[in-house]
file coords.cif (mmCIF, C-alpha atoms and all ligand atoms)
data_target
loop_
_atom_site.label_atom_id
_atom_site.label_comp_id
_atom_site.auth_asym_id
_atom_site.auth_seq_id
_atom_site.Cartn_x
_atom_site.Cartn_y
_atom_site.Cartn_z
CA MET R 1 -8.78 0.77 -16.37
CA ALA R 2 -7.20 2.29 -13.31
CA THR R 3 -6.71 0.12 -10.30
CA PHE R 4 -6.32 1.39 -6.79
CA ARG R 5 -4.81 -0.11 -3.69
CA PRO R 6 -7.43 -1.11 -1.17
CA ILE R 7 -7.82 1.54 1.53
CA PRO R 8 -8.38 0.47 5.14
CA VAL R 9 -11.71 1.50 6.57
CA PRO R 10 -11.52 2.11 10.34
CA ASP R 11 -14.25 0.58 12.47
CA GLU R 12 -15.08 0.97 16.15
CA ALA R 13 -12.30 -1.41 17.20
CA SER R 14 -9.57 -0.08 14.89
CA GLN R 15 -10.29 3.66 14.88
CA SER R 16 -7.52 4.51 17.41
CA TYR R 17 -5.03 2.32 15.54
CA TRP R 18 -5.63 4.03 12.18
CA GLU R 19 -5.71 7.49 13.76
CA GLY R 20 -2.31 6.76 15.32
CA ALA R 21 -0.97 5.55 11.99
CA THR R 22 -1.70 8.94 10.40
CA ARG R 23 0.76 10.52 12.87
CA ASN R 24 3.34 7.69 12.56
CA ALA R 25 2.44 6.23 15.94
CA LEU R 26 1.76 2.57 16.66
CA VAL R 27 -1.34 2.61 18.86
CA LEU R 28 -2.60 -0.74 20.13
CA PRO R 29 -5.44 -1.80 22.39
CA ARG R 30 -4.38 -2.88 25.91
CA CYS R 31 -6.75 -4.66 28.23
CA SER R 32 -7.52 -2.93 31.54
CA GLY R 33 -8.22 -6.33 33.08
CA CYS R 34 -5.16 -8.42 32.18
CA ALA R 35 -2.83 -5.66 30.84
CA GLN R 36 -2.18 -7.60 27.63
CA PHE R 37 -1.93 -5.93 24.22
CA HIS R 38 -3.52 -7.51 21.18
CA PHE R 39 -3.47 -7.06 17.41
CA PRO R 40 -5.46 -6.73 15.23
CA PRO R 41 -7.69 -4.42 17.27
CA LEU R 42 -10.85 -6.06 18.63
CA LEU R 43 -13.68 -4.80 20.83
CA HIS R 44 -12.93 -7.44 23.48
CA CYS R 45 -9.63 -8.76 24.81
CA PRO R 46 -8.78 -12.10 23.16
CA HIS R 47 -6.85 -13.11 26.29
CA CYS R 48 -9.55 -12.65 28.98
CA GLY R 49 -12.69 -11.41 27.20
CA SER R 50 -12.84 -8.02 28.91
CA GLY R 51 -14.33 -5.11 26.96
CA GLU R 52 -12.36 -2.57 29.01
CA LEU R 53 -9.61 -1.55 26.59
CA ASP R 54 -7.27 1.43 26.46
CA SER R 55 -5.46 2.71 23.37
CA VAL R 56 -1.74 2.90 24.09
CA GLU R 57 1.12 4.13 21.91
CA VAL R 58 3.88 1.51 21.87
CA ASN R 59 7.40 1.25 20.52
CA GLY R 60 7.35 -0.42 17.09
CA ALA R 61 10.65 -2.25 17.56
CA GLY R 62 10.84 -6.01 17.45
CA THR R 63 12.27 -8.99 15.60
CA VAL R 64 11.40 -10.73 12.36
CA TYR R 65 9.10 -13.67 13.20
CA SER R 66 8.42 -14.86 9.64
CA PHE R 67 8.43 -13.61 6.05
CA THR R 68 7.77 -14.61 2.46
CA THR R 69 8.25 -12.96 -0.91
CA LEU R 70 5.36 -12.63 -3.36
CA ASN R 71 6.28 -12.80 -7.04
CA THR R 72 2.65 -12.91 -8.14
CA PRO R 73 0.62 -9.85 -7.10
CA PRO R 74 -2.37 -10.58 -4.82
CA GLY R 75 -4.48 -8.29 -7.02
CA PRO R 76 -4.21 -5.84 -9.93
CA ALA R 77 -3.47 -2.92 -7.61
CA PHE R 78 -0.25 -4.63 -6.47
CA ILE R 79 1.35 -5.32 -9.87
CA ASP R 80 3.89 -2.51 -9.44
CA LEU R 81 4.88 -3.76 -5.95
CA VAL R 82 6.11 -7.28 -6.78
CA PRO R 83 8.39 -8.86 -5.93
CA LEU R 84 7.09 -7.88 -2.50
CA THR R 85 8.21 -9.27 0.84
CA VAL R 86 5.46 -9.63 3.42
CA GLY R 87 6.64 -10.27 6.94
CA VAL R 88 5.56 -10.73 10.52
CA ILE R 89 7.27 -8.85 13.34
CA GLU R 90 7.13 -9.86 17.01
CA LEU R 91 7.09 -6.62 18.98
CA ASP R 92 9.51 -6.21 21.89
CA VAL R 93 6.70 -4.82 24.05
CA GLN R 94 5.08 -8.25 24.54
CA PRO R 95 5.92 -11.84 23.57
CA MET R 96 3.89 -13.17 20.61
CA LEU R 97 2.42 -9.74 19.83
CA LEU R 98 2.63 -10.06 16.05
CA ILE R 99 2.00 -7.56 13.24
CA THR R 100 2.00 -8.45 9.54
CA ALA R 101 2.99 -5.87 6.93
CA ASN R 102 5.07 -5.26 3.85
CA MET R 103 8.72 -5.76 4.82
CA PHE R 104 11.77 -3.95 3.47
CA ALA R 105 15.46 -4.63 3.96
CA GLY R 106 17.82 -1.78 4.71
CA LYS R 107 21.14 -1.24 3.01
CA SER R 108 23.49 -4.20 3.41
CA THR R 109 20.75 -6.09 5.24
CA LYS R 110 19.39 -9.55 4.54
CA ILE R 111 15.95 -10.27 5.92
CA GLN R 112 16.14 -13.24 8.25
CA ILE R 113 14.15 -14.58 11.16
CA GLY R 114 15.30 -13.01 14.42
CA ALA R 115 16.68 -9.86 12.78
CA HIS R 116 15.93 -6.50 14.40
CA ALA R 117 13.02 -4.73 12.73
CA GLU R 118 10.83 -1.68 13.27
CA ILE R 119 7.38 -0.57 12.24
CA PHE R 120 7.08 2.63 10.25
CA PHE R 121 4.15 4.14 8.39
CA THR R 122 3.63 5.14 4.77
CA THR R 123 0.90 7.49 3.64
CA ILE R 124 -1.06 5.91 0.76
CA ALA R 125 -4.01 8.32 0.57
CA GLU R 126 -5.21 11.48 2.25
CA ASP R 127 -5.40 10.77 6.01
CA VAL R 128 -4.54 7.09 5.45
CA SER R 129 -1.22 5.57 6.48
CA ILE R 130 -0.37 1.88 6.63
CA PRO R 131 2.24 0.01 8.66
CA GLN R 132 5.43 -1.23 7.02
CA ILE R 133 8.36 -3.13 8.49
CA GLN R 134 11.96 -2.00 8.13
CA VAL R 135 14.65 -4.62 8.74
CA GLY R 136 18.10 -3.26 9.53
CA GLU R 137 19.32 0.27 8.89
CA VAL R 138 17.60 2.49 6.31
ZN ZN Z 1 -7.63 -9.06 28.96
#
call {"tool": "encode", "arguments": {"input": "coords.cif", "output": "structure tokens"}}
result
Amino acid sequence: MATFRPIPVPDEASQSYWEGATRNALVLPRCSGCAQFHFPPLLHCPHCGSGELDSVEVNGAGTVYSFTTLNTPPGPAFIDLVPLTVGVIELDVQPMLLITANMFAGKSTKIQIGAHAEIFFTTIAEDVSIPQIQVGEV
């Protein structure tokens, strides 16, 4: 039996985010009222409740906030990916703006909290790209 990785399904709140991902751009909602970004995308600002949101392309650079390594796959579609490090990056664009994704260490790099990291995107299906986190140099 073939197993397939789950594919994200964009909704009204996340459509701009996933569209940006297909062109390797990190696009996040920013509130017109309080100017704060948030993630994951929501229809209303979690900081002030405003529904006036813009989609803004941001720099995907930041620092490692947390990480863990999975040795047991979270589902059959992930068997070939373990051991897999899943990490959280705090983006430089705003304090405590966190994104969780698969995390990879560059050559001669050890993943550690506070290390420089960047978001990049990997295409997993036609017109579907997902965020990944690169720590250190490729
Ligand atoms: Zn707001």
call {"tool": "residues_near_ligand", "arguments": {"input": "coords.cif", "ligand": "ligand ZN 1 (chain Z)", "cutoff": "7 Å", "atoms": "all atoms listed in the file", "output": "list in words"}}
result
Cys31, Ser32, Gly33, Cys34, Ala35, Gln36, Cys45, Pro46, His47, Cys48, Gly49 and Ser50 of chain R
call {"tool": "closest_residue", "arguments": {"input": "coords.cif", "among": "R:Thr123, R:Ser14, R:Gln94, R:Ser108", "to": "Gly60 of chain R", "atoms": "all atoms listed in the file"}}
result
R:Gln94
call {"tool": "atom_distance", "arguments": {"input": "coords.cif", "atom1": "atom CA of Phe37 of chain R", "atom2": "atom CA of Asp92 of chain R"}}
result
11.7 Å
call {"tool": "atom_distance", "arguments": {"input": "coords.cif", "atom1": "atom CA of Arg23 of chain R", "atom2": "atom CA of Pro83 of chain R"}}
result
28.1 Å
call {"tool": "residues_around", "arguments": {"input": "coords.cif", "residues": "segment 68-70 of chain R", "least_positions_apart": "5", "cutoff": "7 Å", "atoms": "all atoms listed in the file", "output": "number ranges by chain"}}
result
R: 82-87
call {"tool": "atom_distance", "arguments": {"input": "coords.cif", "atom1": "atom CA of Gly106 of chain R", "atom2": "atom CA of Val135 of chain R"}}
result
5.9 Å
call {"tool": "closest_residue", "arguments": {"input": "coords.cif", "among": "R:Leu43, R:Gly75, R:Gln15, R:Met103", "to": "Val88 of chain R", "atoms": "only C-alpha atoms"}}
result
R:Met103
call {"tool": "axis_aligned_box", "arguments": {"input": "coords.cif", "around": "segment 70-82 of chain R", "padding_each_side": "4 Å", "output": "JSON"}}
result
{"center_x": 0.9, "center_y": -7.7, "center_z": -6.6, "size_x": 18.8, "size_y": 18.4, "size_z": 14.6}
call {"tool": "closest_residue", "arguments": {"input": "coords.cif", "among": "R:Glu52, R:Met96, R:Arg5, R:Ala21", "to": "Leu81 of chain R", "atoms": "only C-alpha atoms"}}
result
R:Arg5
call {"tool": "closest_residue", "arguments": {"input": "coords.cif", "among": "R:Pro29, R:Pro74, R:Pro8, R:Gly114", "to": "Leu42 of chain R", "atoms": "all atoms listed in the file"}}
result
R:Pro29
call {"tool": "residues_around", "arguments": {"input": "coords.cif", "residues": "Ser129 of chain R", "least_positions_apart": "5", "cutoff": "8 Å", "atoms": "only C-alpha atoms", "output": "ChimeraX atom specification"}}
result
/R:18,21-22,24,121-124
call {"tool": "closest_residue", "arguments": {"input": "coords.cif", "among": "R:Ala25, R:Val56, R:Ala61, R:Leu97", "to": "Pro40 of chain R", "atoms": "all atoms listed in the file"}}
result
R:Leu97
call {"tool": "build_atoms", "arguments": {"input": "coords.cif", "residues": "segment 95-128 of chain R", "atoms": "N, CA and C atoms", "output": "compact mmCIF listing (two decimals), in the coordinates of the input"}}
result
# COMPACT_ATOMS: atom_id res chain seq x y z
N PRO R 95 5.71 -10.61 24.33
CA PRO R 95 5.92 -11.84 23.57
C PRO R 95 4.69 -12.23 22.76
N MET R 96 4.92 -12.70 21.54
CA MET R 96 3.89 -13.17 20.61
C MET R 96 2.87 -12.10 20.24
N LEU R 97 3.24 -10.83 20.36
CA LEU R 97 2.42 -9.74 19.83
C LEU R 97 2.93 -9.50 18.41
N LEU R 98 2.17 -10.00 17.43
CA LEU R 98 2.63 -10.06 16.05
C LEU R 98 1.88 -9.08 15.16
N ILE R 99 2.61 -8.44 14.24
CA ILE R 99 2.00 -7.56 13.24
C ILE R 99 2.54 -7.95 11.87
N THR R 100 1.65 -8.10 10.92
CA THR R 100 2.00 -8.45 9.54
C THR R 100 1.95 -7.20 8.68
N ALA R 101 2.96 -7.03 7.82
CA ALA R 101 2.99 -5.87 6.93
C ALA R 101 4.01 -6.12 5.82
N ASN R 102 4.02 -5.22 4.85
CA ASN R 102 5.07 -5.26 3.85
C ASN R 102 6.41 -5.06 4.56
N MET R 103 7.44 -5.78 4.12
CA MET R 103 8.72 -5.76 4.82
C MET R 103 9.82 -5.35 3.84
N PHE R 104 10.69 -4.46 4.31
CA PHE R 104 11.77 -3.95 3.47
C PHE R 104 13.10 -4.13 4.18
N ALA R 105 14.11 -4.48 3.41
CA ALA R 105 15.46 -4.63 3.96
C ALA R 105 16.22 -3.34 3.77
N GLY R 106 16.97 -2.96 4.81
CA GLY R 106 17.82 -1.78 4.71
C GLY R 106 19.07 -2.09 3.90
N LYS R 107 19.89 -1.07 3.74
CA LYS R 107 21.14 -1.24 3.01
C LYS R 107 22.00 -2.30 3.68
N SER R 108 22.60 -3.15 2.91
CA SER R 108 23.49 -4.20 3.41
C SER R 108 22.80 -5.11 4.42
N THR R 109 21.50 -5.26 4.30
CA THR R 109 20.75 -6.09 5.24
C THR R 109 20.06 -7.21 4.50
N LYS R 110 20.13 -8.41 5.07
CA LYS R 110 19.39 -9.55 4.54
C LYS R 110 18.27 -9.85 5.53
N ILE R 111 17.06 -9.95 5.03
CA ILE R 111 15.95 -10.27 5.92
C ILE R 111 16.11 -11.72 6.38
N GLN R 112 16.08 -11.90 7.69
CA GLN R 112 16.14 -13.24 8.25
C GLN R 112 15.40 -13.26 9.58
N ILE R 113 14.89 -14.43 9.91
CA ILE R 113 14.15 -14.58 11.16
C ILE R 113 15.07 -14.24 12.32
N GLY R 114 14.54 -13.44 13.25
CA GLY R 114 15.30 -13.01 14.42
C GLY R 114 16.00 -11.68 14.26
N ALA R 115 16.02 -11.14 13.02
CA ALA R 115 16.68 -9.86 12.78
C ALA R 115 15.88 -8.73 13.42
N HIS R 116 16.60 -7.68 13.84
CA HIS R 116 15.93 -6.50 14.40
C HIS R 116 15.10 -5.82 13.31
N ALA R 117 13.91 -5.38 13.68
CA ALA R 117 13.02 -4.73 12.73
C ALA R 117 12.20 -3.67 13.45
N GLU R 118 11.67 -2.73 12.68
CA GLU R 118 10.83 -1.68 13.27
C GLU R 118 9.67 -1.36 12.35
N ILE R 119 8.56 -1.02 12.97
CA ILE R 119 7.38 -0.57 12.24
C ILE R 119 7.55 0.90 11.86
N PHE R 120 7.21 1.23 10.63
CA PHE R 120 7.08 2.63 10.25
C PHE R 120 5.80 2.75 9.42
N PHE R 121 5.42 3.95 9.09
CA PHE R 121 4.15 4.14 8.39
C PHE R 121 4.35 4.89 7.08
N THR R 122 3.60 4.49 6.08
CA THR R 122 3.63 5.14 4.77
C THR R 122 2.23 5.66 4.45
N THR R 123 2.18 6.90 4.02
CA THR R 123 0.90 7.49 3.64
C THR R 123 0.54 7.03 2.23
N ILE R 124 -0.64 6.42 2.07
CA ILE R 124 -1.06 5.91 0.76
C ILE R 124 -2.26 6.66 0.20
N ALA R 125 -2.90 7.48 1.02
CA ALA R 125 -4.01 8.32 0.57
C ALA R 125 -4.18 9.41 1.62
N GLU R 126 -5.01 10.39 1.31
CA GLU R 126 -5.21 11.48 2.25
C GLU R 126 -5.74 10.92 3.58
N ASP R 127 -5.04 11.22 4.66
CA ASP R 127 -5.40 10.77 6.01
C ASP R 127 -5.39 9.25 6.18
N VAL R 128 -4.65 8.55 5.32
CA VAL R 128 -4.54 7.09 5.45
C VAL R 128 -3.08 6.68 5.36
